[in-house]
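Engineer: For reference, the file start.tsv (TSV, C-alpha atoms) is included below:
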chain	number	residue	atom	x	y	z
A	1	MET	CA	-14.92	19.53	24.08
A	2	ALA	CA	-13.03	19.85	20.78
A	3	LEU	CA	-11.56	16.82	19.07
A	4	GLU	CA	-7.86	16.47	19.70
A	5	PHE	CA	-7.27	14.32	16.65
A	6	LEU	CA	-8.54	14.08	13.11
A	7	LYS	CA	-8.86	10.37	12.27
A	8	SER	CA	-7.93	10.16	8.59
A	9	ILE	CA	-7.33	7.69	5.81
A	10	VAL	CA	-4.06	8.27	3.96
A	11	PHE	CA	-3.76	7.63	0.24
A	12	GLU	CA	-1.32	8.35	-2.55
A	13	LEU	CA	-1.84	10.31	-5.71
A	14	ASN	CA	0.94	11.37	-8.06
A	15	ASP	CA	3.65	10.49	-5.49
A	16	GLU	CA	2.10	12.76	-2.82
A	17	GLU	CA	0.21	11.70	0.30
A	18	TYR	CA	-3.32	12.95	0.89
A	19	ALA	CA	-5.79	12.45	3.70
A	20	LEU	CA	-9.56	12.34	4.06
A	21	PRO	CA	-11.53	12.14	7.30
A	22	VAL	CA	-12.23	8.48	7.94
A	23	ASP	CA	-15.86	9.20	8.84
A	24	LEU	CA	-16.50	10.00	5.14
A	25	VAL	CA	-15.16	6.63	4.02
A	26	GLY	CA	-17.55	3.74	3.59
A	27	ALA	CA	-15.20	1.25	1.95
A	28	ILE	CA	-11.93	0.80	0.12
A	29	GLU	CA	-12.14	-1.48	-2.90
A	30	ARG	CA	-9.91	-2.83	-5.63
A	31	VAL	CA	-10.77	-1.38	-9.03
A	32	MET	CA	-13.70	-3.25	-10.54
A	33	PRO	CA	-15.41	-2.99	-13.91
A	34	ILE	CA	-16.68	0.54	-14.48
A	35	THR	CA	-19.49	1.31	-16.93
A	36	ARG	CA	-18.76	4.44	-18.97
A	37	ILE	CA	-21.42	7.14	-19.15
A	38	PRO	CA	-21.58	9.34	-22.26
A	39	GLY	CA	-21.55	13.11	-21.95
A	40	VAL	CA	-19.65	13.41	-18.66
A	41	PRO	CA	-16.24	15.04	-18.18
A	42	PRO	CA	-13.20	12.78	-18.50
A	43	PHE	CA	-12.57	12.71	-14.74
A	44	VAL	CA	-15.94	10.97	-14.23
A	45	LYS	CA	-14.96	7.43	-15.19
A	46	GLY	CA	-18.52	6.12	-15.08
A	47	VAL	CA	-20.42	4.04	-12.55
A	48	LEU	CA	-19.87	0.76	-10.78
A	49	ASN	CA	-22.32	-1.58	-9.16
A	50	LEU	CA	-21.20	-1.86	-5.57
A	51	ARG	CA	-23.33	-4.35	-3.65
A	52	GLY	CA	-26.40	-3.30	-5.62
A	53	VAL	CA	-25.74	0.45	-5.37
A	54	VAL	CA	-24.92	2.30	-8.60
A	55	THR	CA	-21.97	4.50	-7.61
A	56	PRO	CA	-20.36	7.22	-9.75
A	57	VAL	CA	-16.57	6.96	-9.92
A	58	ILE	CA	-14.17	9.89	-10.21
A	59	ASP	CA	-10.50	9.59	-11.12
A	60	LEU	CA	-8.76	12.03	-8.77
A	61	ARG	CA	-5.68	12.07	-11.04
A	62	GLU	CA	-7.80	13.51	-13.85
A	63	ARG	CA	-9.78	15.76	-11.51
A	64	PHE	CA	-6.48	17.32	-10.42
A	65	ASN	CA	-5.16	17.44	-14.01
A	66	PHE	CA	-2.33	15.02	-13.22
A	67	GLU	CA	-0.81	12.89	-15.95
A	68	ALA	CA	-2.77	9.70	-16.58
A	69	GLN	CA	-1.30	6.50	-15.19
A	70	LYS	CA	-2.19	2.86	-15.77
A	71	GLU	CA	-3.91	1.07	-12.94
A	72	THR	CA	-1.66	-1.13	-10.82
A	73	GLU	CA	-2.21	-3.75	-8.13
A	74	ALA	CA	-2.10	-0.89	-5.61
A	75	THR	CA	-4.82	1.22	-7.31
A	76	ARG	CA	-7.90	1.54	-5.13
A	77	VAL	CA	-11.38	3.04	-5.17
A	78	ILE	CA	-12.25	4.85	-1.95
A	79	ILE	CA	-16.02	4.86	-1.52
A	80	ILE	CA	-17.11	7.97	0.36
A	81	GLN	CA	-20.44	9.37	1.46
A	82	HIS	CA	-21.11	12.84	0.05
A	83	ASP	CA	-24.46	14.57	0.39
A	84	GLU	CA	-25.97	11.24	1.44
A	85	LYS	CA	-24.79	9.57	-1.78
A	86	ASP	CA	-21.93	7.15	-2.43
A	87	VAL	CA	-19.10	8.33	-4.69
A	88	GLY	CA	-15.99	6.36	-5.65
A	89	LEU	CA	-12.59	8.06	-5.84
A	90	ILE	CA	-9.82	6.30	-7.80
A	91	VAL	CA	-6.43	6.76	-6.11
A	92	ASP	CA	-2.96	5.34	-6.81
A	93	ALA	CA	-2.73	3.55	-3.47
A	94	CYS	CA	-4.40	3.54	-0.08
A	95	TYR	CA	-2.41	3.21	3.10
A	96	ASP	CA	-3.33	3.51	6.72
A	97	VAL	CA	-5.78	5.12	9.07
A	98	ILE	CA	-4.00	7.57	11.35
A	99	ASP	CA	-4.86	10.06	14.09
A	100	ILE	CA	-3.58	13.48	13.01
A	101	PRO	CA	-3.17	15.79	16.01
A	102	ASN	CA	-5.18	18.97	15.45
A	103	GLU	CA	-2.17	21.11	16.39
A	104	SER	CA	-0.21	19.66	13.46
A	105	ILE	CA	-2.77	20.88	10.91
A	106	GLU	CA	-2.01	24.17	9.17
A	107	PRO	CA	-4.14	26.15	6.71
A	108	ALA	CA	-3.54	25.48	3.03
A	109	PRO	CA	-0.62	27.48	1.65
A	110	GLU	CA	-1.31	30.05	-1.07
A	111	THR	CA	0.05	27.65	-3.69
A	112	ILE	CA	0.36	23.92	-3.42
A	113	GLY	CA	1.97	22.89	-6.68
A	114	THR	CA	-0.46	21.42	-9.16
A	115	VAL	CA	-3.57	20.89	-7.02
A	116	LYS	CA	-6.16	23.66	-7.18
A	117	ILE	CA	-6.03	25.51	-3.85
A	118	ASP	CA	-9.82	25.27	-3.36
A	119	TYR	CA	-9.47	21.48	-3.18
A	120	ILE	CA	-7.32	21.69	-0.06
A	121	ASN	CA	-8.44	22.18	3.56
A	122	GLY	CA	-4.96	22.24	4.99
A	123	VAL	CA	-1.63	20.51	5.38
A	124	ALA	CA	-0.66	18.26	8.27
A	125	LYS	CA	2.80	17.41	9.50
A	126	TYR	CA	2.68	13.82	10.75
A	127	ASP	CA	5.96	12.23	11.84
A	128	GLU	CA	8.25	12.90	8.87
A	129	ARG	CA	5.32	13.07	6.43
A	130	LEU	CA	3.48	16.00	4.94
A	131	LEU	CA	-0.19	15.16	4.28
A	132	ILE	CA	-2.49	17.24	2.09
A	133	LEU	CA	-5.98	17.38	3.62
A	134	LEU	CA	-8.59	17.44	0.89
A	135	ASN	CA	-11.78	19.50	0.77
A	136	ILE	CA	-14.11	16.87	-0.66
A	137	ASP	CA	-17.02	19.34	-0.97
A	138	GLU	CA	-14.99	21.42	-3.45
A	139	ILE	CA	-13.66	18.40	-5.33
A	140	LEU	CA	-17.20	17.11	-5.83
A	141	SER	CA	-18.91	20.47	-6.28
A	142	THR	CA	-19.33	20.10	-10.01
A	143	ASP	CA	-22.67	20.58	-11.70
A	144	VAL	CA	-21.98	17.34	-13.57
A	145	LEU	CA	-22.33	15.29	-10.40
A	146	LYS	CA	-25.47	17.15	-9.39
A	147	GLU	CA	-26.97	16.37	-12.83
A	148	PHE	CA	-25.99	12.71	-12.47
A	149	TYR	CA	-27.89	12.37	-9.20
A	150	GLU	CA	-30.91	14.30	-10.48
A	151	GLU	CA	-31.26	11.83	-13.37
A	152	LYS	CA	-31.39	8.82	-11.00
Give the structure from this file in structure tokens form.
Structural biologist:
Amino acid sequence: MALEFLKSIVFELNDEEYALPVDLVGAIERVMPITRIPGVPPFVKGVLNLRGVVTPVIDLRERFNFEAQKETEATRVIIIQHDEKDVGLIVDACYDVIDIPNESIEPAPETIGTVKIDYINGVAKYDERLLILLNIDEILSTDVLKEFYEEK
């Protein structure tokens, strides 16, 4: 039997709402001290020590080539599991967990403004909101991250 809903966490980035499947999310944290790593692209902010686990942190604003913005009280790090590793994603704000009905999910349009189309799985209409569903495999498919894990 197919799932009727996609349980997702909703977050904000550059005044738009995005969603990730909640089963990828391990934790949502306030921004904590991040140790810079030399030789990585600017969107890789460095690593943080999260309960004894060294976790790389990516700024999704920079990954999507959005204008930089200072951290606020609302800024969060979403810790996700990707390829059996933890990765932190810095977002402007994190909201709620919602059930998105499968029938409200549409394929990604040909163009979606400033976000690279490969980074998007689809768009969901939820109440009066339009949520961009991210393709985390594409967002994290950089050789830089693979090199980071191989060095550990």
Engineer: Under the rule that all atoms listed in the file are counted, which of A:Tyr95, A:Tyr18, A:Phe11, A:Phe66 is the nearest residue to A:Asn135?
Structural biologist: A:Tyr18
Engineer: Need to verify the contact set: A:Asp86, 8 Å, all atoms listed in the file, exclusion of same-chain residues closer than 4 positions in sequence. Can you return it as a ChimeraX atom specification?
Structural biologist: /A:55-56,79-82
Engineer: Please provide the set of residues having any atom within 10 Å of A:Val77, restricted to all atoms listed in the file, with same-chain residues fewer than 5 positions apart removed, written as a CSV table (one decimal) with C-alpha atoms, in the frame of the given file.
Structural biologist:
chain,number,residue,atom,x,y,z
A,27,ALA,CA,-15.2,1.2,2.0
A,28,ILE,CA,-11.9,0.8,0.1
A,29,GLU,CA,-12.1,-1.5,-2.9
A,30,ARG,CA,-9.9,-2.8,-5.6
A,31,VAL,CA,-10.8,-1.4,-9.0
A,32,MET,CA,-13.7,-3.2,-10.5
A,57,VAL,CA,-16.6,7.0,-9.9
A,58,ILE,CA,-14.2,9.9,-10.2
A,59,ASP,CA,-10.5,9.6,-11.1
A,87,VAL,CA,-19.1,8.3,-4.7
A,88,GLY,CA,-16.0,6.4,-5.6
A,89,LEU,CA,-12.6,8.1,-5.8
A,90,ILE,CA,-9.8,6.3,-7.8
A,91,VAL,CA,-6.4,6.8,-6.1
A,92,ASP,CA,-3.0,5.3,-6.8
A,93,ALA,CA,-2.7,3.6,-3.5
A,94,CYS,CA,-4.4,3.5,-0.1
Engineer: Find the residues near A:Gly122: any atom within 6 Å, counting all atoms listed in the file, skip ones fewer than 6 places away on the same chain, and give them as JSON, numbers by chain.
Structural biologist: {"A": [106, 107, 108, 133]}
Engineer: Do you know which residues lie at most 10 Å from (-10.0, 21.8, -5.0), with coordinates as in the file and all atoms listed in the file counted, and could you write them as a list in words?
Structural biologist: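 Protein, DNA and RNA residues close to (-10.0, 21.8, -5.0): Arg63, Phe64, Val115, Lys116, Ile117, Asp118, Tyr119, Ile120, Asn121, Leu134, Asn135, Ile136, Asp137, Glu138, Ile139, Leu140 and Ser141 of chain A.
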Engineer: Counting all atoms listed in the file, figure out which residue out of A:Thr35, A:Asn14, A:Ala19, A:Leu6 gets nearest to A:Leu130.
Structural biologist: A:Ala19
Engineer: Kindly give the distance, in Å, that separates atom CA of A:Val54 and atom CA of A:Asp83, rounded to a single decimal.
Structural biologist: 15.2 Å
Engineer: Could you list, as a list in words, every residue within 10 Å of A:Val53, counting only C-alpha atoms and ignoring same-chain residues fewer than 5 positions away?
Structural biologist: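 The residues that qualify are Val47, Leu48, Lys85 and Asp86 of chain A.
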Engineer: Atom CA of A:Gly46 to atom CA of A:Asp96: how many Å, to one decimal?
Structural biologist: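 The value is 26.7 Å.
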Engineer: Rounded to one decimal in Å, what is the spacing between atom CA of A:Ile98 and atom CA of A:Ile78?
Structural biologist: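 Separation of atom CA of A:Ile98 and atom CA of A:Ile78: 15.9 Å.
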Engineer: Given 5 Å of margin on each side, can you work out the centre and size in Å (one decimal) of an axis-aligned box holding every listed atom of stretch 21-24 of chain A, as AutoDock Vina command-line options?
Structural biologist:
--center_x -14.0 --center_y 10.3 --center_z 7.0 --size_x 15.0 --size_y 13.7 --size_z 13.7
Engineer: Just want the 6 Å neighbourhood of A:Ala124, counted on all atoms listed in the file, with same-chain residues fewer than 2 positions away dropped. Output as a PyMOL selection string.
Structural biologist: chain A and resi 104-105+130-131
Engineer: Can I get the selection written as an mmCIF file, keeping the file's coordinate frame, with C-alpha atoms?
Structural biologist:
data_model
loop_
_atom_site.group_PDB
_atom_site.id
_atom_site.type_symbol
_atom_site.label_atom_id
_atom_site.label_comp_id
_atom_site.auth_asym_id
_atom_site.auth_seq_id
_atom_site.Cartn_x
_atom_site.Cartn_y
_atom_site.Cartn_z
ATOM 1 C CA SER A 104 -0.210 19.660 13.460
ATOM 2 C CA ILE A 105 -2.770 20.880 10.910
ATOM 3 C CA LEU A 130 3.480 16.000 4.940
ATOM 4 C CA LEU A 131 -0.190 15.160 4.280
#
